[in-house]
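Peer 1: Next up, final_9.cif (mmCIF, C-alpha atoms).
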```cif
data_protein
loop_
_atom_site.label_atom_id
_atom_site.label_comp_id
_atom_site.auth_asym_id
_atom_site.auth_seq_id
_atom_site.Cartn_x
_atom_site.Cartn_y
_atom_site.Cartn_z
CA MET A 1 -12.89 30.60 -53.70
CA THR A 2 -13.54 27.59 -51.53
CA ARG A 3 -11.71 26.98 -48.25
CA THR A 4 -11.65 23.47 -46.81
CA TYR A 5 -10.58 22.67 -43.26
CA ALA A 6 -9.15 19.38 -42.06
CA ILE A 7 -9.03 18.68 -38.31
CA PHE A 8 -6.76 16.02 -36.84
CA LEU A 9 -7.20 14.63 -33.32
CA PHE A 10 -4.32 12.98 -31.50
CA LEU A 11 -4.99 10.89 -28.41
CA THR A 12 -2.20 10.60 -25.87
CA SER A 13 -2.08 9.66 -22.22
CA SER A 14 -0.58 11.34 -19.19
CA CYS A 15 0.11 9.97 -15.72
CA LEU A 16 -1.59 11.29 -12.62
CA ALA A 17 0.31 11.38 -9.34
CA GLN A 18 -1.08 8.92 -6.81
CA THR A 19 -2.43 10.89 -3.86
CA PHE A 20 -2.99 9.91 -0.23
CA VAL A 21 -6.59 10.51 0.88
CA SER A 22 -7.14 9.11 4.39
CA SER A 23 -6.13 6.41 6.87
CA ALA A 24 -7.73 4.12 9.46
CA GLY A 25 -6.24 1.83 12.08
CA TYR A 26 -6.86 -0.93 14.61
CA GLU A 27 -4.79 -2.01 17.58
CA ASP A 28 -5.33 -4.68 20.25
CA LEU A 29 -2.33 -5.68 22.32
CA SER A 30 -4.30 -7.73 24.85
CA GLY A 31 -3.24 -11.04 23.33
CA GLY A 32 -6.53 -11.92 21.68
CA PRO A 33 -7.61 -14.39 20.56
CA HIS A 34 -9.06 -13.00 17.31
CA THR A 35 -10.58 -14.73 14.33
CA THR A 36 -12.04 -11.60 12.68
CA VAL A 37 -11.02 -7.93 12.92
CA ASN A 38 -12.56 -4.90 11.21
CA VAL A 39 -10.89 -1.61 10.23
CA VAL A 40 -13.45 1.11 9.47
CA PHE A 41 -13.04 4.21 7.31
CA GLY A 42 -15.72 6.31 8.96
CA GLY A 43 -15.46 8.98 6.28
CA GLY A 44 -15.82 6.38 3.57
CA VAL A 45 -13.81 5.32 0.53
CA ALA A 46 -14.44 6.84 -2.90
CA ALA A 47 -15.28 4.48 -5.75
CA GLY A 48 -12.22 3.81 -7.91
CA ASN A 49 -9.71 4.54 -5.18
CA ALA A 50 -7.12 2.04 -3.94
CA LEU A 51 -6.51 0.75 -0.42
CA ALA A 52 -3.28 -0.46 1.19
CA CYS A 53 -3.47 -2.26 4.55
CA TYR A 54 -0.48 -3.32 6.63
CA ILE A 55 -0.96 -5.82 9.46
CA ASN A 56 1.36 -7.16 12.16
CA TYR A 57 0.15 -10.09 14.30
CA GLY A 58 1.02 -13.15 16.32
CA ASN A 59 -0.08 -16.48 14.85
CA SER A 60 -0.65 -18.40 18.11
CA GLY A 61 2.28 -20.64 17.22
CA ASN A 62 0.37 -22.14 14.30
CA SER A 63 2.34 -21.81 11.07
CA SER A 64 -0.69 -22.94 9.01
CA LEU A 65 -2.80 -19.94 10.08
CA THR A 66 -4.02 -18.06 7.00
CA LEU A 67 -5.48 -14.59 6.50
CA ALA A 68 -8.03 -13.27 4.00
CA VAL A 69 -8.80 -9.56 3.62
CA THR A 70 -12.05 -8.33 2.12
CA GLY A 71 -13.78 -4.98 1.87
CA THR A 72 -17.34 -3.70 1.96
CA GLY A 73 -19.45 -5.80 -0.39
CA GLY A 74 -16.96 -8.66 -0.23
CA GLU A 75 -14.35 -7.25 -2.61
CA ALA A 76 -11.05 -9.09 -2.17
CA PHE A 77 -7.64 -7.63 -1.34
CA THR A 78 -4.44 -9.08 -2.81
CA GLN A 79 -1.38 -9.73 -0.67
CA ALA A 80 1.63 -7.81 -1.97
CA GLY A 81 4.52 -10.26 -1.79
CA THR A 82 4.86 -12.55 1.21
CA ASN A 83 4.77 -12.28 4.99
CA ALA A 84 7.74 -10.80 6.80
CA GLU A 85 8.45 -13.24 9.63
CA VAL A 86 10.42 -12.09 12.67
CA ASN A 87 10.22 -15.63 13.99
CA ALA A 88 7.83 -18.55 13.76
CA THR A 89 5.11 -16.76 15.72
CA ALA A 90 5.15 -13.10 14.56
CA TRP A 91 4.17 -12.14 11.02
CA SER A 92 3.38 -9.04 8.99
CA GLY A 93 1.87 -8.49 5.55
CA LEU A 94 0.73 -5.80 3.13
CA TYR A 95 -2.61 -6.13 1.32
CA ILE A 96 -3.80 -4.07 -1.66
CA ARG A 97 -7.21 -3.41 -3.20
CA SER A 98 -7.25 -1.34 -6.39
CA ASN A 99 -10.36 0.12 -8.04
CA SER A 100 -12.47 -0.28 -4.91
CA ALA A 101 -16.24 -0.09 -5.16
CA GLY A 102 -16.03 2.24 -2.16
CA GLY A 103 -18.72 3.05 0.34
CA THR A 104 -19.50 5.14 3.43
CA PRO A 105 -18.56 3.87 5.90
CA TYR A 106 -16.12 1.40 4.39
CA THR A 107 -14.94 -1.67 6.30
CA ALA A 108 -11.82 -3.75 5.65
CA LYS A 109 -12.36 -7.17 7.20
CA PHE A 110 -9.47 -9.41 8.28
CA THR A 111 -10.49 -13.06 8.67
CA PHE A 112 -8.11 -15.67 10.08
CA SER A 113 -8.48 -19.34 9.27
CA SER A 114 -10.07 -21.69 11.77
CA ALA A 115 -6.73 -23.49 12.08
CA GLY A 116 -5.81 -21.05 14.84
CA TYR A 117 -6.23 -17.49 15.98
CA ALA A 118 -4.33 -14.21 15.83
CA SER A 119 -3.11 -12.12 18.75
CA TYR A 120 -1.44 -8.77 19.40
CA ILE A 121 -2.87 -7.30 16.21
CA SER A 122 -1.88 -3.93 14.78
CA ILE A 123 -3.34 -2.72 11.45
CA VAL A 124 -3.09 0.53 9.52
CA CYS A 125 -4.79 1.17 6.16
CA GLY A 126 -4.41 4.02 3.67
CA GLN A 127 -6.71 5.22 0.88
CA TYR A 128 -5.16 6.47 -2.38
CA SER A 129 -6.47 8.07 -5.55
CA SER A 130 -5.11 7.82 -9.13
CA VAL A 131 -3.78 4.28 -8.73
CA SER A 132 -4.03 1.94 -11.72
CA PRO A 133 -7.45 0.23 -11.62
CA SER A 134 -5.96 -3.11 -12.68
CA SER A 135 -2.59 -4.78 -12.12
CA ALA A 136 -1.64 -1.96 -9.76
CA ILE A 137 1.03 -3.89 -7.84
CA ASP A 138 4.40 -3.69 -9.55
CA GLN A 139 7.19 -4.61 -7.10
CA THR A 140 7.23 -5.98 -3.54
CA ALA A 141 9.90 -6.40 -0.86
CA GLN A 142 10.11 -7.42 2.79
CA GLY A 143 12.52 -7.03 5.69
CA VAL A 144 13.03 -8.05 9.33
CA ASN A 145 15.37 -7.03 12.15
CA ASN A 146 15.24 -8.75 15.52
CA GLY A 147 17.27 -9.59 18.57
CA ALA A 148 17.90 -13.16 17.49
CA THR A 149 19.28 -12.70 13.98
CA GLY A 150 19.14 -8.96 13.29
CA THR A 151 21.46 -5.98 13.55
CA TYR A 152 21.99 -4.06 16.77
CA PRO A 153 20.61 -1.63 18.00
CA TYR A 154 17.39 -3.04 16.52
CA ASN A 155 15.93 0.41 15.77
CA PHE A 156 15.40 0.02 12.02
CA CYS A 157 14.10 -2.22 9.25
CA THR A 158 15.46 -2.40 5.69
CA THR A 159 13.56 -4.02 2.82
CA GLY A 160 15.01 -6.18 0.12
CA ALA A 161 15.96 -4.54 -3.18
CA PHE A 162 13.38 -3.71 -5.85
CA THR A 163 13.37 -2.26 -9.38
CA THR A 164 10.23 -0.52 -10.64
CA ALA A 165 8.86 -1.11 -14.11
CA SER A 166 7.62 2.47 -14.51
CA ALA A 167 8.96 5.91 -13.64
CA ASN A 168 5.80 7.23 -12.00
CA GLU A 169 4.81 5.01 -9.10
CA ILE A 170 3.97 5.31 -5.42
CA VAL A 171 5.99 3.32 -2.89
CA ILE A 172 3.92 2.05 0.06
CA LEU A 173 5.86 1.02 3.18
CA GLY A 174 4.28 -0.72 6.16
CA VAL A 175 6.36 -1.15 9.30
CA SER A 176 6.09 -2.35 12.88
CA GLY A 177 8.70 -1.71 15.55
CA GLY A 178 9.38 1.27 17.80
CA PRO A 179 7.92 4.72 17.01
CA PRO A 180 8.49 7.47 16.02
CA TYR A 181 9.01 6.21 12.46
CA ALA A 182 11.06 7.98 9.79
CA ALA A 183 12.31 7.02 6.33
CA THR A 184 14.16 9.23 3.87
CA GLY A 185 11.77 10.66 1.27
CA PHE A 186 8.72 9.03 2.86
CA THR A 187 5.75 10.67 4.57
CA LEU A 188 4.10 9.05 7.60
CA ARG A 189 0.40 8.65 6.76
CA GLY A 190 -1.05 6.84 9.75
CA THR A 191 -0.53 4.44 12.65
CA SER A 192 -2.45 1.53 14.10
CA GLY A 193 -3.49 3.35 17.27
CA SER A 194 -2.28 5.10 20.41
CA ASN A 195 0.71 2.77 20.76
CA SER A 196 1.72 3.18 17.10
CA VAL A 197 2.92 -0.41 16.89
CA ALA A 198 2.32 -0.34 13.13
CA ALA A 199 2.67 2.55 10.68
CA LEU A 200 2.11 3.29 7.00
CA LEU A 201 4.42 5.55 4.99
CA ASP A 202 4.61 6.42 1.29
CA LYS A 203 6.48 8.40 -1.32
CA ASN A 204 5.92 9.23 -4.99
CA VAL A 205 8.77 8.54 -7.42
CA THR A 206 9.20 10.00 -10.90
CA SER A 207 12.08 7.89 -12.15
CA ILE A 208 12.87 4.18 -12.39
CA GLN A 209 13.99 2.82 -9.02
CA ASN A 210 16.82 0.43 -9.88
CA GLY A 211 17.89 -1.92 -7.10
CA ALA A 212 16.44 0.42 -4.49
CA THR A 213 15.78 -0.40 -0.84
CA ALA A 214 13.85 1.39 1.87
CA THR A 215 15.00 1.81 5.46
CA VAL A 216 12.72 3.01 8.24
CA THR A 217 14.09 3.93 11.67
CA GLY A 218 12.62 4.53 15.11
CA ALA A 219 13.11 3.70 18.76
CA GLN A 220 14.95 0.58 19.87
CA PHE A 221 12.67 -2.44 19.88
CA ILE A 222 13.33 -6.15 19.88
CA ASN A 223 11.34 -7.01 16.73
CA TRP A 224 11.02 -5.04 13.47
CA ASN A 225 9.04 -6.06 10.38
CA CYS A 226 8.57 -4.11 7.14
CA ASN A 227 6.66 -4.78 3.92
CA LEU A 228 6.80 -2.70 0.75
CA ALA A 229 4.85 -2.48 -2.50
CA THR A 230 5.08 -0.13 -5.46
CA LEU A 231 1.82 0.76 -7.21
CA GLU A 232 1.46 1.99 -10.76
CA THR A 233 -0.46 5.14 -11.62
CA SER A 234 -3.61 5.43 -13.66
CA ALA A 235 -3.40 7.18 -17.01
CA THR A 236 -5.81 9.84 -18.23
CA PRO A 237 -6.34 10.46 -21.95
CA ALA A 238 -5.34 13.82 -23.36
CA VAL A 239 -6.55 15.17 -26.70
CA SER A 240 -4.42 17.33 -28.95
CA VAL A 241 -6.09 19.12 -31.85
CA LEU A 242 -4.17 20.15 -34.96
CA LEU A 243 -6.07 22.46 -37.30
CA ARG A 244 -4.88 22.53 -40.86
CA SER A 245 -6.42 24.44 -43.75
CA ARG A 246 -6.34 24.04 -47.50
CA THR A 247 -7.44 26.77 -49.89
CA THR A 248 -8.62 26.13 -53.39
CA ILE A 249 -9.17 29.05 -55.81
CA TYR A 250 -11.45 28.73 -58.79
#
```
Just dump the structure as structure tokens.

Peer 2:
Amino acid sequence: MTRTYAIFLFLTSSCLAQTFVSSAGYEDLSGGPHTTVNVVFGGGVAAGNALACYINYGNSGNSSLTLAVTGTGGEAFTQAGTNAEVNATAWSGLYIRSNSAGGTPYTAKFTFSSAGYASYISIVCGQYSSVSPSSAIDQTAQGVNNGATGTYPYNFCTTGAFTTASANEIVILGVSGGPPYAATGFTLRGTSGSNSVAALLDKNVTSIQNGATATVTGAQFINWNCNLATLETSATPAVSVLLRSRTTIY
């Protein structure tokens, strides 16, 4: 009697939940001027992790002022969507770096163009694991609420609508206005500093978000900006083994 075994391997993939790791912030409300600002993760950033940085700043009245964000070693961040503009002189933006090279300490550098300078800067950055190493940014949205064109009592900001491409994503929400900040389903992860002018919140979703918006509330304040991005998860391979046997009798 001879027994022959055949083994079949099946490769599948499963999604890992994106996880918040740490935050870092910077705040200078003195009026500047600033051409370069650094935000330092003293505890470092792990290789392969993603970074999300939200910034709120004045543009010195120069609408041609530009901003570039780089990390340790010169790795570039990508702006998620466009600036949220309360008026011609106050902007905010959300910048993402996926699959970071990491480092300890790790520095995110904000460089403003020589066309002008930035003032009243508030920045908060978050570090996340299990984010897709490439093409992480899925959807983006922005919102503003201010005394000139907004909705009284000016204690909230609502983003535009977004629809995610995947079920398992993390929604990153940066906001500047009046603390304390709260948004349904979101967790506050960090602020820019002692004045908490800017804050970073997030939530994990496990179903397609169809035409969703995000609203963050706080204390009454004359100007509110908010920027949102959804990030896709990384997939890890899983192996299934099916053991089948065949028996031949002689």

Peer 1: Interatomic distance between CA of Val21 in chain A and CA of Gly74 in chain A?

Peer 2: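 We find that CA of Val21 in chain A and CA of Gly74 in chain A lie 21.8 Å from each other.
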
Peer 1: Go through A:Gly42, A:Gly58, A:Gly185, A:Gly102 and flag the residue nearest Ser119 in chain A, using all atoms listed in the file for the distances.

Peer 2: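 Closest to Ser119 in chain A of all the choices is A:Gly58.
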
Peer 1: Nearest residue to Ser92 in chain A out of A:Ala108, A:Ala161, A:Ala198, A:Ala229, using only C-alpha atoms?

Peer 2: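 Answer, going by the shortest atom-to-atom distance: A:Ala198.
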
Peer 1: Have a look at A:Trp224, A:Val124, A:Glu27, A:Gly48 and name the one nearest to Asn146 in chain A; count all atoms listed in the file.

Peer 2: A:Trp224

Peer 1: The PyMOL selection byres ((chain A and resi 148) around 9) on the file shown: which residues, as a PDB file with C-alpha atoms, keeping the file's coordinate frame?

Peer 2:
```
ATOM      1  CA  VAL A  86      10.420 -12.090  12.670  1.00  0.00           C
ATOM      2  CA  ASN A  87      10.220 -15.630  13.990  1.00  0.00           C
ATOM      3  CA  ASN A 145      15.370  -7.030  12.150  1.00  0.00           C
ATOM      4  CA  ASN A 146      15.240  -8.750  15.520  1.00  0.00           C
ATOM      5  CA  GLY A 147      17.270  -9.590  18.570  1.00  0.00           C
ATOM      6  CA  THR A 149      19.280 -12.700  13.980  1.00  0.00           C
ATOM      7  CA  GLY A 150      19.140  -8.960  13.290  1.00  0.00           C
ATOM      8  CA  THR A 151      21.460  -5.980  13.550  1.00  0.00           C
ATOM      9  CA  ILE A 222      13.330  -6.150  19.880  1.00  0.00           C
TER      10      ILE A 222
END
```

Peer 1: If I take CA of Tyr106 in chain A and CA of Leu201 in chain A, how far is one from the other in Å, to one decimal?

Peer 2: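 Interatomic distance, CA of Tyr106 in chain A to CA of Leu201 in chain A: 21.0 Å.
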
Peer 1: Would you mind listing what lies within 7 Å of range 206-219 of chain A as an MDAnalysis selection string, with all atoms listed in the file counted and same-chain residues fewer than 4 positions away left out?

Peer 2: chainID A and resid 155:169 178:183
